[in-house]
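Peer 1: Dumping the structure here so I can ask a few things about it.
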Amino acid sequence: KRSPEQNEAELVIREDLCNRRGVMHGGAVMGWADTMGGMTASAAIANDQRTATIESKTNFFAPIPKGDTARAVCRPLHTGRTTIVLQTDITRGDGRLAAMVIQTQIVLSAKPRQG
């Protein structure tokens with residue numbers, strides 16, 4: 001489900017997403033949240049614009065074990081002319097909050113720069 005107000009996705013935690021302890025790697029969590037933020041931000045901008053992440057902060061609360069189905073929900077906290085701030089909450093299959101990611105996306109022109 002994708003819109004400028006909210007973006008949702010589910011992910012089955014495969015072995016290649018896990019660390020040596022058999023839980024989702026922190027980098028995989030952050031990468032998934034960054035993708036969710038980019039998709040949500042891009043739904044809120046004009047066709048001649050694009051975004052890029054300029055800041056991201058992740059809080060980890062609980063591990064997500066291999067085989068579990070995690071859910072990510074991304075919502076904009078601020079949509080401005082030049083930046084969009086988003087929050088992505090990632091929960092485990094049991095509903096427990098596993099991570100919260102707050103990121104800032106800069107809004108850029110999609111036209112190539114001259115020179």
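Ordered as shown in the structure tokens, chains take letters A, B, and onward, while each chain numbers its residues from 1 and ligands are numbered from 1 in the order shown.
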Quick one: residues within 10 Å of Val85 in chain A, only C-alpha atoms, excluding same-chain residues fewer than 4 positions away - as a PDB file with N, CA, C and O atoms, in the first residue's frame?

Peer 2:
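File written: out.pdb
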ATOM      1  N   GLY A  37      11.124   5.046   3.250  1.00  0.00           N
ATOM      2  CA  GLY A  37      11.092   6.508   3.314  1.00  0.00           C
ATOM      3  C   GLY A  37      11.171   7.137   1.938  1.00  0.00           C
ATOM      4  O   GLY A  37      10.431   8.078   1.620  1.00  0.00           O
ATOM      5  N   ALA A  41       8.249   9.422   0.353  1.00  0.00           N
ATOM      6  CA  ALA A  41       8.564  10.799  -0.048  1.00  0.00           C
ATOM      7  C   ALA A  41       8.297  11.004  -1.531  1.00  0.00           C
ATOM      8  O   ALA A  41       7.729  12.030  -1.934  1.00  0.00           O
ATOM      9  N   THR A  53      18.171  10.809   0.750  1.00  0.00           N
ATOM     10  CA  THR A  53      18.281  10.823   2.205  1.00  0.00           C
ATOM     11  C   THR A  53      19.478  11.672   2.607  1.00  0.00           C
ATOM     12  O   THR A  53      20.586  11.477   2.107  1.00  0.00           O
ATOM     13  N   GLU A  55      19.691  12.495   6.187  1.00  0.00           N
ATOM     14  CA  GLU A  55      19.881  12.192   7.612  1.00  0.00           C
ATOM     15  C   GLU A  55      19.009  11.001   7.963  1.00  0.00           C
ATOM     16  O   GLU A  55      17.909  10.855   7.444  1.00  0.00           O
ATOM     17  N   SER A  56      19.520  10.133   8.843  1.00  0.00           N
ATOM     18  CA  SER A  56      18.738   8.980   9.282  1.00  0.00           C
ATOM     19  C   SER A  56      19.191   8.568  10.678  1.00  0.00           C
ATOM     20  O   SER A  56      20.380   8.550  10.978  1.00  0.00           O
ATOM     21  N   ARG A  75       5.382   6.961   7.609  1.00  0.00           N
ATOM     22  CA  ARG A  75       4.499   8.129   7.548  1.00  0.00           C
ATOM     23  C   ARG A  75       5.343   9.399   7.561  1.00  0.00           C
ATOM     24  O   ARG A  75       6.323   9.484   8.312  1.00  0.00           O
ATOM     25  N   PRO A  76       4.953  10.402   6.771  1.00  0.00           N
ATOM     26  CA  PRO A  76       5.657  11.681   6.843  1.00  0.00           C
ATOM     27  C   PRO A  76       5.292  12.428   8.121  1.00  0.00           C
ATOM     28  O   PRO A  76       4.126  12.443   8.520  1.00  0.00           O
ATOM     29  N   LEU A  77       6.289  13.005   8.767  1.00  0.00           N
ATOM     30  CA  LEU A  77       6.071  13.855   9.938  1.00  0.00           C
ATOM     31  C   LEU A  77       6.025  15.322   9.531  1.00  0.00           C
ATOM     32  O   LEU A  77       5.390  16.132  10.197  1.00  0.00           O
ATOM     33  N   HIS A  78       6.730  15.650   8.449  1.00  0.00           N
ATOM     34  CA  HIS A  78       6.799  17.022   7.921  1.00  0.00           C
ATOM     35  C   HIS A  78       7.033  16.935   6.419  1.00  0.00           C
ATOM     36  O   HIS A  78       7.937  16.228   5.981  1.00  0.00           O
ATOM     37  N   THR A  79       6.215  17.620   5.656  1.00  0.00           N
ATOM     38  CA  THR A  79       6.419  17.703   4.214  1.00  0.00           C
ATOM     39  C   THR A  79       6.549  19.172   3.857  1.00  0.00           C
ATOM     40  O   THR A  79       5.560  19.914   3.884  1.00  0.00           O
ATOM     41  N   GLY A  80       7.770  19.581   3.580  1.00  0.00           N
ATOM     42  CA  GLY A  80       8.041  20.974   3.243  1.00  0.00           C
ATOM     43  C   GLY A  80       8.430  21.114   1.781  1.00  0.00           C
ATOM     44  O   GLY A  80       8.450  20.148   1.027  1.00  0.00           O
ATOM     45  N   ILE A 102      13.820   7.494  11.910  1.00  0.00           N
ATOM     46  CA  ILE A 102      13.423   8.847  11.514  1.00  0.00           C
ATOM     47  C   ILE A 102      14.453   9.303  10.493  1.00  0.00           C
ATOM     48  O   ILE A 102      15.658   9.218  10.736  1.00  0.00           O
ATOM     49  N   GLN A 103      13.979   9.763   9.343  1.00  0.00           N
ATOM     50  CA  GLN A 103      14.911  10.206   8.311  1.00  0.00           C
ATOM     51  C   GLN A 103      14.435  11.503   7.667  1.00  0.00           C
ATOM     52  O   GLN A 103      13.251  11.819   7.700  1.00  0.00           O
ATOM     53  N   THR A 104      15.392  12.224   7.103  1.00  0.00           N
ATOM     54  CA  THR A 104      15.101  13.439   6.357  1.00  0.00           C
ATOM     55  C   THR A 104      15.502  13.221   4.909  1.00  0.00           C
ATOM     56  O   THR A 104      16.608  12.754   4.633  1.00  0.00           O
ATOM     57  N   GLN A 105      14.581  13.525   4.010  1.00  0.00           N
ATOM     58  CA  GLN A 105      14.840  13.456   2.570  1.00  0.00           C
ATOM     59  C   GLN A 105      14.867  14.893   2.042  1.00  0.00           C
ATOM     60  O   GLN A 105      13.995  15.696   2.380  1.00  0.00           O
ATOM     61  N   ILE A 106      15.860  15.208   1.233  1.00  0.00           N
ATOM     62  CA  ILE A 106      15.907  16.503   0.567  1.00  0.00           C
ATOM     63  C   ILE A 106      15.164  16.375  -0.764  1.00  0.00           C
ATOM     64  O   ILE A 106      15.232  15.337  -1.418  1.00  0.00           O
TER      65      ILE A 106
END

Peer 1: Can you check which parts of range 62-100 of chain A lie within 8 Å of range 21-26 of chain A? Per residue, the shortest pair of atoms and distance in Å to one decimal, counting only C-alpha atoms, sorted by chain and number, as a Markdown table.

Peer 2:
| residue | atom | partner | partner_atom | distance |
| --- | --- | --- | --- | --- |
| A:Pro63 | CA | A:Val23 | CA | 6.0 |
| A:Ile64 | CA | A:Val23 | CA | 5.3 |
| A:Pro65 | CA | A:Val23 | CA | 4.2 |
| A:Lys66 | CA | A:Val23 | CA | 5.5 |

Peer 1: Using only C-alpha atoms, which of the listed residues (A:Ser109, A:Thr58, A:Arg50, A:Gly67) sits closest to Cys18 in chain A?

Peer 2: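 Nearest candidate to Cys18 in chain A out of A:Ser109, A:Thr58, A:Arg50, A:Gly67: A:Gly67.
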
Peer 1: Taking 3 positions as the minimum chain separation for residues in the same chain, which residues sit within 12 Å of range 27-32 of chain A when counting only C-alpha atoms? Answer as a ChimeraX atom specification.

Peer 2: /A:8-11,13-19,23-24,35-39,53,55-64,70-74,87-92,98-103

Peer 1: Rounded to one decimal place, report the CA of Leu108 in chain A-CA of Gln49 in chain A distance in Å.

Peer 2: 5.5 Å
